[in-house]
>>> print(open('work.txt').read())   # compact mmCIF, C-alpha atoms
# COMPACT_ATOMS: atom_id res chain seq x y z
CA MET A 1 -92.62 -110.95 -47.54
CA SER A 2 -92.10 -109.03 -44.32
CA PRO A 3 -94.53 -108.36 -41.47
CA ILE A 4 -95.89 -104.83 -40.93
CA PRO A 5 -96.32 -104.26 -37.18
CA GLY A 6 -99.55 -102.85 -35.80
CA GLY A 7 -102.23 -105.32 -36.86
CA ALA A 8 -103.83 -106.64 -33.70
CA SER A 9 -105.49 -109.87 -34.74
CA ARG A 10 -104.70 -110.29 -38.42
CA GLN A 11 -101.33 -110.58 -40.09
CA THR A 12 -100.35 -107.70 -42.33
CA LEU A 13 -97.45 -108.50 -44.66
CA LEU A 14 -95.53 -106.38 -47.13
CA VAL A 15 -95.15 -108.26 -50.42
CA GLU A 16 -92.38 -107.15 -52.78
CA GLY A 17 -91.58 -108.42 -56.26
CA GLY A 18 -90.45 -107.06 -59.61
CA GLY A 19 -89.95 -103.61 -58.12
CA ARG A 20 -93.57 -103.42 -57.00
CA ARG A 21 -95.19 -103.61 -53.58
CA TRP A 22 -98.48 -104.92 -52.24
CA VAL A 23 -99.93 -105.62 -48.82
CA LEU A 24 -101.30 -109.02 -47.88
CA ARG A 25 -103.77 -109.07 -45.01
CA ARG A 26 -104.54 -112.57 -43.84
CA ASP A 27 -105.81 -114.57 -40.91
CA PRO A 28 -103.12 -116.06 -38.71
CA PRO A 29 -102.88 -119.79 -39.47
CA ASP A 30 -105.24 -121.97 -37.39
CA THR A 31 -107.69 -119.25 -36.44
CA GLY A 32 -111.06 -118.48 -37.86
CA SER A 33 -112.77 -116.49 -35.19
CA PHE A 34 -112.79 -113.06 -36.84
CA ALA A 35 -115.28 -111.51 -39.20
CA PRO A 36 -114.54 -113.29 -42.46
CA LEU A 37 -111.93 -111.54 -44.56
CA GLU A 38 -114.04 -112.11 -47.65
CA ASP A 39 -116.62 -109.74 -46.18
CA GLU A 40 -113.89 -107.20 -45.40
CA CYS A 41 -112.95 -107.37 -49.07
CA GLY A 42 -116.53 -106.47 -50.01
CA LEU A 43 -116.48 -103.62 -47.52
CA LEU A 44 -113.29 -102.18 -48.98
CA ARG A 45 -114.85 -102.20 -52.43
CA ALA A 46 -118.10 -100.61 -51.21
CA ALA A 47 -116.11 -97.93 -49.38
CA ALA A 48 -114.03 -97.20 -52.48
CA ALA A 49 -117.21 -96.91 -54.55
CA ALA A 50 -118.59 -94.42 -52.01
CA GLY A 51 -115.48 -92.26 -52.36
CA VAL A 52 -113.76 -93.25 -49.10
CA PRO A 53 -109.97 -93.43 -49.53
CA VAL A 54 -109.08 -97.09 -48.89
CA PRO A 55 -106.38 -99.49 -50.13
CA GLU A 56 -107.57 -101.09 -53.36
CA ALA A 57 -108.63 -104.71 -52.72
CA ILE A 58 -107.02 -106.59 -55.61
CA HIS A 59 -107.75 -110.22 -54.87
CA PHE A 60 -109.26 -112.46 -52.21
CA GLU A 61 -108.23 -116.09 -51.62
CA PRO A 62 -110.09 -118.35 -49.20
CA GLU A 63 -108.51 -120.62 -46.58
CA GLY A 64 -106.24 -123.16 -48.25
CA GLY A 65 -105.68 -120.97 -51.31
CA ARG A 66 -102.46 -119.41 -52.51
CA PHE A 67 -102.11 -117.23 -49.38
CA GLY A 68 -102.26 -120.22 -46.99
CA SER A 69 -104.96 -118.87 -44.72
CA ALA A 70 -107.75 -116.61 -45.99
CA GLY A 71 -106.31 -113.34 -47.21
CA ILE A 72 -106.78 -110.17 -49.23
CA LEU A 73 -104.06 -108.83 -51.50
CA MET A 74 -104.26 -105.05 -51.46
CA ALA A 75 -102.52 -102.18 -53.19
CA TYR A 76 -99.68 -100.67 -51.15
CA VAL A 77 -100.51 -97.19 -49.86
CA ASP A 78 -97.54 -94.89 -49.33
CA GLY A 79 -97.38 -92.98 -46.06
CA THR A 80 -97.58 -93.80 -42.36
CA SER A 81 -100.29 -94.71 -39.88
CA VAL A 82 -98.00 -94.19 -36.85
CA ALA A 83 -99.74 -91.54 -34.76
CA PRO A 84 -96.72 -89.79 -33.15
CA ARG A 85 -95.10 -89.35 -36.57
CA ILE A 86 -98.25 -87.82 -38.06
CA LEU A 87 -98.68 -85.56 -35.03
CA ARG A 88 -95.08 -84.39 -34.57
CA ARG A 89 -92.99 -84.64 -37.73
CA ASP A 90 -92.48 -81.50 -39.82
CA GLU A 91 -93.23 -83.20 -43.12
CA TYR A 92 -96.83 -83.81 -41.96
CA ALA A 93 -97.53 -80.18 -40.94
CA GLY A 94 -99.70 -79.60 -44.03
CA ALA A 95 -101.39 -82.96 -43.58
CA ARG A 96 -102.35 -82.04 -40.02
CA GLU A 97 -104.18 -78.94 -41.25
CA ARG A 98 -106.16 -80.85 -43.84
CA LEU A 99 -106.75 -84.09 -41.98
CA PRO A 100 -109.72 -83.21 -39.69
CA ALA A 101 -111.91 -82.07 -42.60
CA GLN A 102 -110.77 -85.02 -44.72
CA LEU A 103 -111.68 -87.40 -41.90
CA ALA A 104 -115.09 -85.76 -41.55
CA GLY A 105 -115.72 -86.21 -45.27
CA ALA A 106 -114.56 -89.83 -45.27
CA LEU A 107 -116.70 -90.64 -42.23
CA ALA A 108 -119.82 -89.03 -43.71
CA ARG A 109 -119.31 -91.15 -46.84
CA ILE A 110 -118.83 -94.33 -44.77
CA HIS A 111 -122.11 -93.56 -43.02
CA SER A 112 -123.82 -93.06 -46.40
CA ILE A 113 -122.98 -96.57 -47.67
CA ASP A 114 -126.06 -98.69 -48.26
CA PRO A 115 -125.47 -101.81 -46.17
CA ALA A 116 -128.13 -103.80 -48.04
CA GLY A 117 -125.63 -105.27 -50.49
CA LEU A 118 -122.95 -106.07 -47.91
CA GLU A 119 -122.40 -109.56 -46.54
CA GLY A 120 -121.41 -110.36 -43.00
CA VAL A 121 -121.87 -106.94 -41.40
CA PRO A 122 -123.33 -107.61 -37.95
CA ALA A 123 -126.52 -105.72 -37.13
CA PRO A 124 -127.60 -105.01 -33.55
CA GLU A 125 -130.60 -107.04 -32.47
CA ARG A 126 -131.90 -104.08 -30.53
CA ASP A 127 -131.06 -100.47 -29.85
CA PRO A 128 -127.36 -99.92 -30.69
CA ALA A 129 -126.63 -98.21 -27.35
CA LEU A 130 -127.95 -101.13 -25.31
CA ALA A 131 -126.26 -103.59 -27.67
CA ALA A 132 -122.95 -101.82 -26.95
CA CYS A 133 -123.53 -102.05 -23.18
CA GLU A 134 -124.23 -105.77 -23.47
CA LEU A 135 -121.17 -106.33 -25.66
CA TRP A 136 -118.79 -104.79 -23.13
CA GLU A 137 -120.45 -106.54 -20.20
CA ARG A 138 -119.94 -109.89 -21.94
CA GLU A 139 -116.33 -109.03 -22.71
CA LEU A 140 -115.67 -107.99 -19.09
CA ASP A 141 -117.10 -111.32 -17.93
CA ALA A 142 -114.90 -113.22 -20.38
CA ILE A 143 -111.77 -111.45 -19.08
CA GLY A 144 -112.72 -111.93 -15.45
CA GLU A 145 -110.72 -109.06 -13.92
CA PRO A 146 -112.78 -106.99 -11.46
CA LEU A 147 -113.01 -103.38 -12.69
CA PRO A 148 -115.57 -101.66 -10.45
CA ALA A 149 -114.99 -98.19 -11.97
CA VAL A 150 -115.72 -99.51 -15.48
CA GLU A 151 -118.76 -101.35 -14.13
CA ALA A 152 -120.10 -98.22 -12.44
CA GLY A 153 -119.64 -96.09 -15.56
CA LEU A 154 -121.15 -98.77 -17.77
CA ARG A 155 -124.10 -99.14 -15.41
CA TRP A 156 -124.77 -95.41 -15.57
CA LEU A 157 -124.60 -95.50 -19.37
CA ARG A 158 -127.00 -98.44 -19.48
CA LEU A 159 -129.48 -96.57 -17.30
CA ASN A 160 -129.15 -93.34 -19.33
CA PRO A 161 -128.93 -94.32 -23.00
CA PRO A 162 -129.58 -91.88 -25.85
CA PRO A 163 -132.82 -92.43 -27.79
CA PRO A 164 -132.43 -94.88 -30.69
CA PRO A 165 -130.77 -93.19 -33.69
CA ARG A 166 -133.02 -91.83 -36.41
CA ARG A 167 -131.05 -93.90 -38.91
CA VAL A 168 -128.94 -97.03 -38.39
CA THR A 169 -125.86 -96.85 -40.65
CA LEU A 170 -122.67 -98.69 -41.43
CA VAL A 171 -120.20 -97.97 -38.59
CA HIS A 172 -116.46 -98.42 -39.19
CA GLY A 173 -115.92 -99.49 -35.60
CA ASP A 174 -112.27 -98.45 -35.23
CA PHE A 175 -112.15 -94.99 -36.82
CA ARG A 176 -109.26 -93.34 -34.96
CA LEU A 177 -105.72 -92.08 -35.37
CA GLY A 178 -103.62 -95.21 -35.91
CA ASN A 179 -106.00 -96.53 -38.57
CA PHE A 180 -105.45 -93.64 -40.97
CA ILE A 181 -102.61 -93.89 -43.48
CA CYS A 182 -101.40 -90.35 -44.07
CA ASP A 183 -99.02 -88.82 -46.55
CA GLU A 184 -97.93 -85.21 -46.91
CA GLY A 185 -101.27 -84.37 -48.52
CA GLY A 186 -103.26 -85.74 -45.58
CA LEU A 187 -105.56 -88.75 -45.55
CA ALA A 188 -104.42 -91.47 -47.97
CA ALA A 189 -106.47 -94.41 -46.68
CA VAL A 190 -108.79 -95.56 -43.91
CA ILE A 191 -107.71 -99.07 -42.85
CA ASP A 192 -108.65 -101.87 -40.45
CA TRP A 193 -112.30 -102.53 -41.27
CA GLU A 194 -112.66 -105.72 -39.26
CA LEU A 195 -114.87 -104.17 -36.56
CA CYS A 196 -117.38 -102.80 -39.06
CA HIS A 197 -121.02 -103.22 -38.05
CA LEU A 198 -124.42 -101.54 -38.27
CA GLY A 199 -125.25 -99.03 -35.59
CA ASP A 200 -125.48 -95.41 -34.50
CA PRO A 201 -123.19 -93.24 -36.67
CA ALA A 202 -122.37 -91.18 -33.54
CA GLU A 203 -120.42 -94.22 -32.31
CA ASP A 204 -117.62 -93.56 -34.81
CA ILE A 205 -117.34 -89.90 -33.80
CA GLY A 206 -117.40 -90.71 -30.09
CA TRP A 207 -114.60 -93.26 -30.53
CA LEU A 208 -112.57 -90.89 -32.72
CA VAL A 209 -112.43 -88.26 -29.95
CA VAL A 210 -111.53 -90.61 -27.05
CA ARG A 211 -108.59 -89.01 -25.24
CA SER A 212 -106.14 -91.86 -25.91
CA TRP A 213 -106.40 -91.19 -29.65
CA ARG A 214 -105.23 -87.62 -29.15
CA PHE A 215 -101.79 -88.99 -28.24
CA GLY A 216 -101.02 -86.23 -25.76
CA ASN A 217 -102.64 -83.31 -27.63
CA ASP A 218 -105.48 -83.39 -25.13
CA GLU A 219 -107.00 -80.04 -26.05
CA LEU A 220 -107.63 -81.11 -29.67
CA PRO A 221 -110.33 -83.81 -29.60
CA VAL A 222 -110.23 -84.81 -33.26
CA ALA A 223 -107.18 -87.08 -33.64
CA GLY A 224 -105.10 -84.66 -31.56
CA MET A 225 -105.16 -82.11 -34.37
CA GLY A 226 -108.62 -80.59 -34.74
CA ALA A 227 -111.48 -78.96 -32.85
CA LEU A 228 -114.77 -80.80 -32.50
CA GLU A 229 -117.08 -78.08 -33.82
CA ALA A 230 -115.14 -77.62 -37.07
CA PHE A 231 -115.14 -81.40 -37.51
CA LEU A 232 -118.91 -81.63 -37.03
CA ASP A 233 -119.44 -78.74 -39.46
CA ALA A 234 -117.40 -80.56 -42.10
CA TYR A 235 -119.19 -83.84 -41.36
CA GLU A 236 -122.54 -82.13 -41.82
CA ASP A 237 -121.37 -80.39 -45.02
CA ALA A 238 -120.41 -83.81 -46.40
CA GLY A 239 -123.90 -85.16 -45.77
CA GLY A 240 -123.56 -86.57 -42.23
CA GLU A 241 -126.22 -85.98 -39.62
CA ARG A 242 -124.83 -83.87 -36.77
CA PRO A 243 -125.31 -85.76 -33.50
CA ASP A 244 -126.57 -83.77 -30.54
CA PRO A 245 -123.99 -83.20 -27.77
CA GLN A 246 -125.56 -85.62 -25.26
CA ARG A 247 -125.60 -88.46 -27.78
CA LEU A 248 -122.02 -87.78 -28.75
CA ARG A 249 -120.91 -87.58 -25.12
CA TRP A 250 -122.60 -90.93 -24.43
CA TRP A 251 -120.69 -92.59 -27.27
CA GLU A 252 -117.41 -90.98 -26.20
CA ALA A 253 -118.00 -92.28 -22.68
CA ILE A 254 -118.71 -95.81 -23.89
CA GLY A 255 -115.65 -95.44 -26.13
CA ASN A 256 -113.69 -95.13 -22.90
CA VAL A 257 -115.36 -98.32 -21.64
CA LYS A 258 -114.29 -99.99 -24.86
CA TRP A 259 -110.67 -98.81 -24.56
CA ALA A 260 -110.51 -99.86 -20.89
CA VAL A 261 -111.85 -103.32 -21.81
CA ILE A 262 -109.41 -103.62 -24.73
CA CYS A 263 -106.49 -102.75 -22.40
CA ALA A 264 -107.70 -105.39 -19.93
CA ARG A 265 -108.13 -107.93 -22.73
CA GLN A 266 -104.61 -107.34 -24.08
CA ALA A 267 -103.03 -107.65 -20.63
CA HIS A 268 -105.11 -110.80 -20.08
CA ASP A 269 -103.84 -112.30 -23.36
CA HIS A 270 -100.31 -111.78 -22.07
CA LEU A 271 -101.07 -113.28 -18.66
CA THR A 272 -102.74 -116.39 -20.08
CA GLY A 273 -99.83 -116.91 -22.45
CA ALA A 274 -102.01 -116.48 -25.53
CA ARG A 275 -99.69 -113.70 -26.69
CA ARG A 276 -96.68 -113.01 -24.46
CA SER A 277 -95.66 -109.38 -24.86
CA ALA A 278 -94.30 -106.69 -22.54
CA GLU A 279 -96.24 -104.14 -24.57
CA LEU A 280 -99.55 -105.95 -24.01
CA ALA A 281 -98.67 -106.49 -20.35
CA SER A 282 -98.11 -102.77 -19.79
CA LEU A 283 -101.58 -101.98 -21.18
CA GLY A 284 -103.03 -103.48 -18.00
CA ARG A 285 -101.71 -100.45 -16.18
CA ARG A 286 -103.32 -98.08 -18.67
CA ILE A 287 -106.86 -99.21 -17.81
CA CYS A 288 -107.07 -96.40 -15.26
CA GLU A 289 -106.68 -93.71 -17.97
CA PRO A 290 -109.96 -94.41 -19.82
CA GLU A 291 -111.55 -95.21 -16.45
CA TRP A 292 -110.80 -91.69 -15.32
CA ASP A 293 -112.10 -90.12 -18.53
CA LEU A 294 -115.21 -92.31 -18.42
CA LEU A 295 -116.17 -91.23 -14.91
CA GLU A 296 -115.35 -87.59 -15.71
CA GLN A 297 -117.68 -87.64 -18.72
CA LEU A 298 -120.74 -88.69 -16.76
CA PRO A 299 -122.79 -85.65 -15.72
CA ILE A 300 -122.44 -86.45 -12.04
CA GLY A 301 -121.27 -84.43 -9.05
CA SER A 302 -118.09 -82.41 -9.36
CA SER A 303 -117.59 -83.16 -13.05
CA ALA A 304 -121.04 -81.85 -14.01
CA SER A 305 -119.85 -78.30 -13.46
CA ARG A 306 -116.43 -78.50 -15.04
CA PRO A 307 -115.57 -79.08 -18.68
CA GLY A 308 -114.72 -82.67 -19.54
CA PRO A 309 -112.07 -83.70 -22.05
CA MET A 310 -114.53 -82.98 -24.85
CA GLY A 311 -114.87 -79.34 -23.85
CA SER A 312 -117.85 -77.61 -22.33
CA PRO A 313 -121.10 -79.59 -21.94
CA GLU A 314 -122.49 -77.60 -24.87
CA GLY A 315 -119.81 -79.18 -27.01
CA MET B 1 -82.50 -106.48 4.87
CA GLN B 2 -80.82 -105.96 1.54
CA ASP B 3 -78.08 -103.45 0.98
CA ARG B 4 -78.83 -100.25 -0.87
CA PRO B 5 -79.83 -99.42 -3.52
CA THR B 6 -83.36 -100.35 -2.50
CA ALA B 7 -85.67 -102.00 -5.03
CA PRO B 8 -87.19 -98.70 -6.24
CA GLU B 9 -83.73 -97.11 -6.40
CA LEU B 10 -82.52 -99.96 -8.61
CA LEU B 11 -85.54 -99.64 -10.89
CA GLU B 12 -85.00 -95.90 -11.17
CA ALA B 13 -81.38 -96.50 -12.17
CA LEU B 14 -82.57 -98.97 -14.80
CA ALA B 15 -85.17 -96.48 -16.08
CA GLU B 16 -82.44 -93.81 -16.41
CA LEU B 17 -80.24 -96.21 -18.39
CA LEU B 18 -83.10 -96.99 -20.76
CA PHE B 19 -84.19 -93.37 -21.12
CA THR B 20 -80.68 -92.15 -21.94
CA ASP B 21 -78.05 -94.56 -23.30
CA VAL B 22 -80.17 -97.44 -24.60
CA ARG B 23 -82.53 -95.07 -26.35
CA GLU B 24 -79.60 -93.69 -28.34
CA TRP B 25 -78.42 -97.16 -29.43
CA VAL B 26 -81.79 -98.25 -30.76
CA PRO B 27 -83.05 -97.41 -34.27
CA ARG B 28 -85.57 -94.59 -34.34
CA GLU B 29 -88.58 -96.76 -35.29
CA ARG B 30 -87.98 -99.00 -32.26
CA ARG B 31 -87.43 -96.31 -29.64
CA PHE B 32 -90.98 -96.40 -28.38
CA GLN B 33 -90.34 -99.91 -27.08
CA VAL B 34 -87.36 -98.70 -25.04
CA LEU B 35 -89.41 -95.81 -23.67
CA ALA B 36 -92.23 -98.23 -22.83
CA ALA B 37 -89.74 -100.43 -20.93
CA ALA B 38 -88.37 -97.42 -19.05
CA ASN B 39 -91.90 -96.38 -18.19
CA VAL B 40 -92.66 -99.82 -16.74
CA CYS B 41 -89.62 -99.48 -14.47
CA ALA B 42 -90.82 -96.07 -13.31
CA VAL B 43 -94.33 -97.39 -12.61
CA VAL B 44 -93.03 -100.28 -10.52
CA ALA B 45 -90.66 -97.97 -8.63
CA ARG B 46 -93.57 -95.67 -7.71
CA GLU B 47 -95.67 -98.66 -6.66
CA LEU B 48 -92.93 -99.94 -4.36
CA ARG B 49 -92.44 -96.51 -2.81
CA ALA B 50 -96.18 -96.09 -2.20
CA GLY B 51 -96.22 -99.30 -0.13
CA ARG B 52 -99.46 -100.84 1.19
CA GLU B 53 -101.36 -97.59 1.66
CA PRO B 54 -103.19 -97.32 -1.72
CA THR B 55 -104.25 -100.99 -1.69
CA LEU B 56 -105.57 -100.72 1.88
CA ALA B 57 -107.48 -97.55 1.00
CA ASP B 58 -109.07 -99.35 -1.98
CA LEU B 59 -109.93 -102.36 0.17
CA GLU B 60 -111.69 -100.13 2.68
CA LEU B 61 -113.53 -98.25 -0.08
CA PHE B 62 -114.72 -101.39 -1.87
CA ARG B 63 -115.95 -102.95 1.37
CA ALA B 64 -117.78 -99.76 2.32
CA LEU B 65 -119.50 -99.52 -1.09
CA ALA B 66 -120.40 -103.21 -1.36
CA ALA B 67 -122.50 -103.05 1.79
CA GLY B 68 -123.21 -106.39 3.40
CA TYR B 69 -120.11 -107.95 1.90
CA GLU B 70 -118.59 -110.47 4.29
CA PRO B 71 -114.84 -110.58 3.80
CA PRO B 72 -113.32 -114.04 4.22
CA ASP B 73 -111.31 -114.13 7.44
CA ALA B 74 -108.52 -116.15 5.87
CA ASP B 75 -105.26 -114.28 6.20
CA GLU B 76 -105.02 -113.45 2.54
CA GLY B 77 -102.64 -110.73 1.39
CA ASP B 78 -103.73 -107.12 0.84
CA GLU B 79 -103.81 -107.50 -2.93
CA ASP B 80 -105.96 -110.63 -2.85
CA ALA B 81 -108.33 -109.12 -0.32
CA ALA B 82 -108.72 -105.93 -2.38
CA ARG B 83 -109.27 -107.94 -5.57
CA ALA B 84 -111.95 -110.07 -3.91
CA ALA B 85 -113.71 -106.97 -2.58
CA ALA B 86 -113.46 -105.32 -6.02
CA ALA B 87 -115.06 -108.38 -7.60
CA GLU B 88 -117.89 -108.29 -5.07
CA LEU B 89 -118.46 -104.59 -5.69
CA ALA B 90 -118.37 -105.11 -9.48
CA ARG B 91 -121.02 -107.83 -9.17
CA ALA B 92 -123.24 -105.65 -6.99
CA ILE B 93 -123.04 -102.75 -9.46
CA ARG B 94 -123.81 -104.99 -12.45
CA ALA B 95 -126.80 -106.55 -10.68
CA GLY B 96 -128.30 -103.11 -10.13
CA GLY B 97 -128.08 -103.30 -6.34
CA LEU B 98 -126.40 -99.89 -6.16
CA ASP B 99 -128.52 -98.08 -8.78
CA ASP B 100 -130.15 -95.79 -6.23
CA GLU B 101 -126.80 -94.50 -5.04
CA LEU B 102 -124.89 -94.80 -8.32
CA PRO B 103 -123.82 -91.12 -8.53
CA ALA B 104 -122.30 -91.35 -5.03
CA VAL B 105 -120.61 -94.67 -5.87
CA ILE B 106 -119.11 -93.11 -9.00
CA GLU B 107 -117.86 -90.13 -6.98
CA ARG B 108 -116.11 -92.45 -4.52
CA LEU B 109 -114.66 -94.66 -7.27
CA ARG B 110 -112.91 -91.62 -8.72
CA GLU B 111 -110.70 -91.81 -5.59
CA HIS B 112 -109.81 -95.42 -6.47
CA VAL B 113 -108.99 -94.54 -10.08
CA ARG B 114 -106.91 -91.56 -8.94
CA ARG B 115 -104.88 -93.86 -6.68
CA LYS B 116 -104.14 -96.07 -9.69
CA LEU B 117 -103.20 -93.07 -11.82
CA ASP B 118 -100.84 -91.76 -9.10
CA ILE B 119 -98.79 -94.91 -9.66
CA ALA B 120 -99.33 -95.61 -13.37
CA ARG B 121 -99.64 -92.14 -14.89
CA PRO B 122 -99.07 -89.21 -12.51
CA GLY B 123 -100.59 -85.97 -13.76
CA TYR B 124 -103.21 -87.61 -16.00
CA ALA B 125 -106.09 -86.55 -13.76
CA ASP B 126 -104.98 -82.92 -13.40
>>> encode(input="work.txt", output="structure tokens")
Amino acid sequence: MSPIPGGASRQTLLVEGGGRRWVLRRDPPDTGSFAPLEDECGLLRAAAAAGVPVPEAIHFEPEGGRFGSAGILMAYVDGTSVAPRILRRDEYAGARERLPAQLAGALARIHSIDPAGLEGVPAPERDPALAACELWERELDAIGEPLPAVEAGLRWLRLNPPPPPRRVTLVHGDFRLGNFICDEGGLAAVIDWELCHLGDPAEDIGWLVVRSWRFGNDELPVAGMGALEAFLDAYEDAGGERPDPQRLRWWEAIGNVKWAVICARQAHDHLTGARRSAELASLGRRICEPEWDLLEQLPIGSSASRPGPMGSPEG
Amino acid sequence: MQDRPTAPELLEALAELLFTDVREWVPRERRFQVLAAANVCAVVARELRAGREPTLADLELFRALAAGYEPPDADEGDEDAARAAAAELARAIRAGGLDDELPAVIERLREHVRRKLDIARPGYAD
């Protein structure tokens, strides 16, 4: 077995034997604070049944079973999830053309999954927009670093939420470049379902287009390779409900809050010694990037008249 | 006084070493870590060159926005003073005390974020 880098909180291991390969995703030993992996296993199967490309979940073992900690054995999916490779290498040129529409189709199918039969998917107790504001406020308090720009943006978002969504759906929660395994044909699998919850489907689109996930291709909002309008057309064609521009902009803005808080959290984990890592430490100095985008996206003052990262206010 | 190279000059030399030679020695899948290390050196070099100015500007901004905030008169360093004022401002914003002037507060905080970007990621805001 060998570790596959990239998993933030869970261990992802490559398992090889008899000329075959699998992936084992399991909790790190002595932790149990994440959404139970057994529920993630159910999600993967529901997603596969809905036609979303995902790694096949072969077998789940609980804590103390044959995988040590709780774990899911999954089929190995060929390809890469490393964003700069997908965006820059020649062999993925065809994949880049197909990927935005494939992502739109996959996301529309995720949002069509009936959550009634799914265990352990958290549902917001109130309006999803306000629930998101409260979540990031709590997380900021837990980290304890003062970030007045994040607070100001978050306060504005709390005071100006979109109306509750017409339909609450399953939300992937981390649908962005980095969590898509791609091969030369395009999308091979959507991975990392641990942040799945019920909410406003626009949340997934807003997070997808956050500037950090364009990896330098700033003018192409959809994973650094596609235009927003074409993506929304494909999402609608696949059965998704097209969000209005203000709603989408709100969720992109709070996506920047989320990324700023995650950067602060990772740097904090380094500083407390929970996970010493130069890479995590350096994320503390990236907080200002989503802070800038957040404040630019609010329709206030000088930014109200100029196009934000998402394009013109009309979308 | 230390002899030259100065601290930022040394960090810049280290960043050049990482960006050029070390990058070539490292396997392709691991190069991003070398580039990340070089970038950290460049960030710290810019911070040292900028001196106290950006921190003092932030301190003044935070104190102006968090009206009524009484700074402790202990002779704390610039960084600690700015952090304490930032915490006070963050609390005031969260509590809704600045709701009436929130657009103006956000406008002014763009200056603070730009000062951070000038050190950490020049060009990002342009």
>>> atom_distance(input="work.txt", atom1="atom CA of A:Leu14", atom2="atom CA of A:Tyr76")
8.1 Å
>>> closest_atom_pairs(input="work.txt", of="chain A", to="chain B", cutoff="8 Å", atoms="only C-alpha atoms", output="tab-separated table")
residue	atom	partner	partner_atom	distance
A:Glu145	CA	B:Ala87	CA	7.7
A:Pro146	CA	B:Ala87	CA	4.7
A:Leu147	CA	B:Ala90	CA	6.5
A:Pro148	CA	B:Ala90	CA	4.5
A:Ala149	CA	B:Leu109	CA	5.9
A:Glu151	CA	B:Ala90	CA	6.0
A:Ala152	CA	B:Ile93	CA	6.2
A:Gly153	CA	B:Ile106	CA	7.2
A:Arg155	CA	B:Arg94	CA	6.6
A:Trp156	CA	B:Leu102	CA	7.3
A:Ala278	CA	B:Ala37	CA	7.9
A:Glu279	CA	B:Ala36	CA	7.4
A:Ser282	CA	B:Val40	CA	6.9
A:Arg285	CA	B:Ala120	CA	6.1
A:Arg286	CA	B:Ala120	CA	7.1
A:Cys288	CA	B:Val113	CA	5.8
A:Glu289	CA	B:Leu117	CA	7.1
A:Glu291	CA	B:Val113	CA	6.9
A:Trp292	CA	B:Val113	CA	6.2
A:Leu295	CA	B:Ile106	CA	6.9
A:Ile300	CA	B:Pro103	CA	6.0
A:Gly301	CA	B:Glu107	CA	7.0
>>> atom_distance(input="work.txt", atom1="atom CA of A:Leu271", atom2="atom CA of A:Arg214")
28.0 Å
>>> residues_around(input="work.txt", residues="A:Glu139", least_positions_apart="6", cutoff="12 Å", atoms="all atoms listed in the file", output="ChimeraX atom specification")
/A:132-133,145-147,150-151,257-266,268
>>> closest_residue(input="work.txt", among="A:Glu252, A:Glu119, A:Asp233, A:Asp244", to="A:Cys196", atoms="all atoms listed in the file")
A:Glu119
>>> atom_distance(input="work.txt", atom1="atom CA of A:His111", atom2="atom CA of A:Gly173")
11.3 Å
>>> residues_around(input="work.txt", residues="stretch 16-27 of chain B", least_positions_apart="3", cutoff="6 Å", atoms="all atoms listed in the file", output="PyMOL selection string")
chain B and resi 13+30+38
>>> residues_around(input="work.txt", residues="B:Leu59", least_positions_apart="4", cutoff="7 Å", atoms="all atoms listed in the file", output="list in words")
Thr55, Arg63, Ala81, Ala82 and Ala85 of chain B
>>> residues_around(input="work.txt", residues="B:Gly51", least_positions_apart="4", cutoff="12 Å", atoms="only C-alpha atoms", output="PDB file with C-alpha atoms, in the frame of the given file")
ATOM      1  CA  ALA B   7     -85.670-102.000  -5.030  1.00  0.00           C
ATOM      2  CA  PRO B   8     -87.190 -98.700  -6.240  1.00  0.00           C
ATOM      3  CA  VAL B  44     -93.030-100.280 -10.520  1.00  0.00           C
ATOM      4  CA  ALA B  45     -90.660 -97.970  -8.630  1.00  0.00           C
ATOM      5  CA  ARG B  46     -93.570 -95.670  -7.710  1.00  0.00           C
ATOM      6  CA  GLU B  47     -95.670 -98.660  -6.660  1.00  0.00           C
ATOM      7  CA  THR B  55    -104.250-100.990  -1.690  1.00  0.00           C
ATOM      8  CA  LEU B  56    -105.570-100.720   1.880  1.00  0.00           C
ATOM      9  CA  ALA B  57    -107.480 -97.550   1.000  1.00  0.00           C
ATOM     10  CA  ASP B  78    -103.730-107.120   0.840  1.00  0.00           C
ATOM     11  CA  GLU B  79    -103.810-107.500  -2.930  1.00  0.00           C
ATOM     12  CA  ILE B 119     -98.790 -94.910  -9.660  1.00  0.00           C
TER      13      ILE B 119
END
>>> closest_residue(input="work.txt", among="B:Ala42, B:Leu10, B:Ala15, B:Met1", to="B:Pro122", atoms="all atoms listed in the file")
B:Ala42
>>> decode(input="work.txt", residues="stretch 75-79 of chain B", atoms="N, CA and C atoms", output="short mmCIF file (atom, residue, chain, number, x, y, z; two decimals), in the first residue's frame")
data_model
loop_
_atom_site.label_atom_id
_atom_site.label_comp_id
_atom_site.auth_asym_id
_atom_site.auth_seq_id
_atom_site.Cartn_x
_atom_site.Cartn_y
_atom_site.Cartn_z
N ASP B 75 3.65 49.12 25.86
CA ASP B 75 4.48 49.30 24.67
C ASP B 75 4.63 47.99 23.92
N GLU B 76 3.49 47.54 23.38
CA GLU B 76 3.52 46.33 22.58
C GLU B 76 4.09 46.66 21.20
N GLY B 77 4.55 45.61 20.50
CA GLY B 77 5.11 45.83 19.17
C GLY B 77 4.03 46.19 18.17
N ASP B 78 4.45 46.65 16.98
CA ASP B 78 3.50 47.04 15.94
C ASP B 78 2.56 45.90 15.59
N GLU B 79 3.13 44.71 15.41
CA GLU B 79 2.33 43.56 14.99
C GLU B 79 1.26 43.24 16.01
#
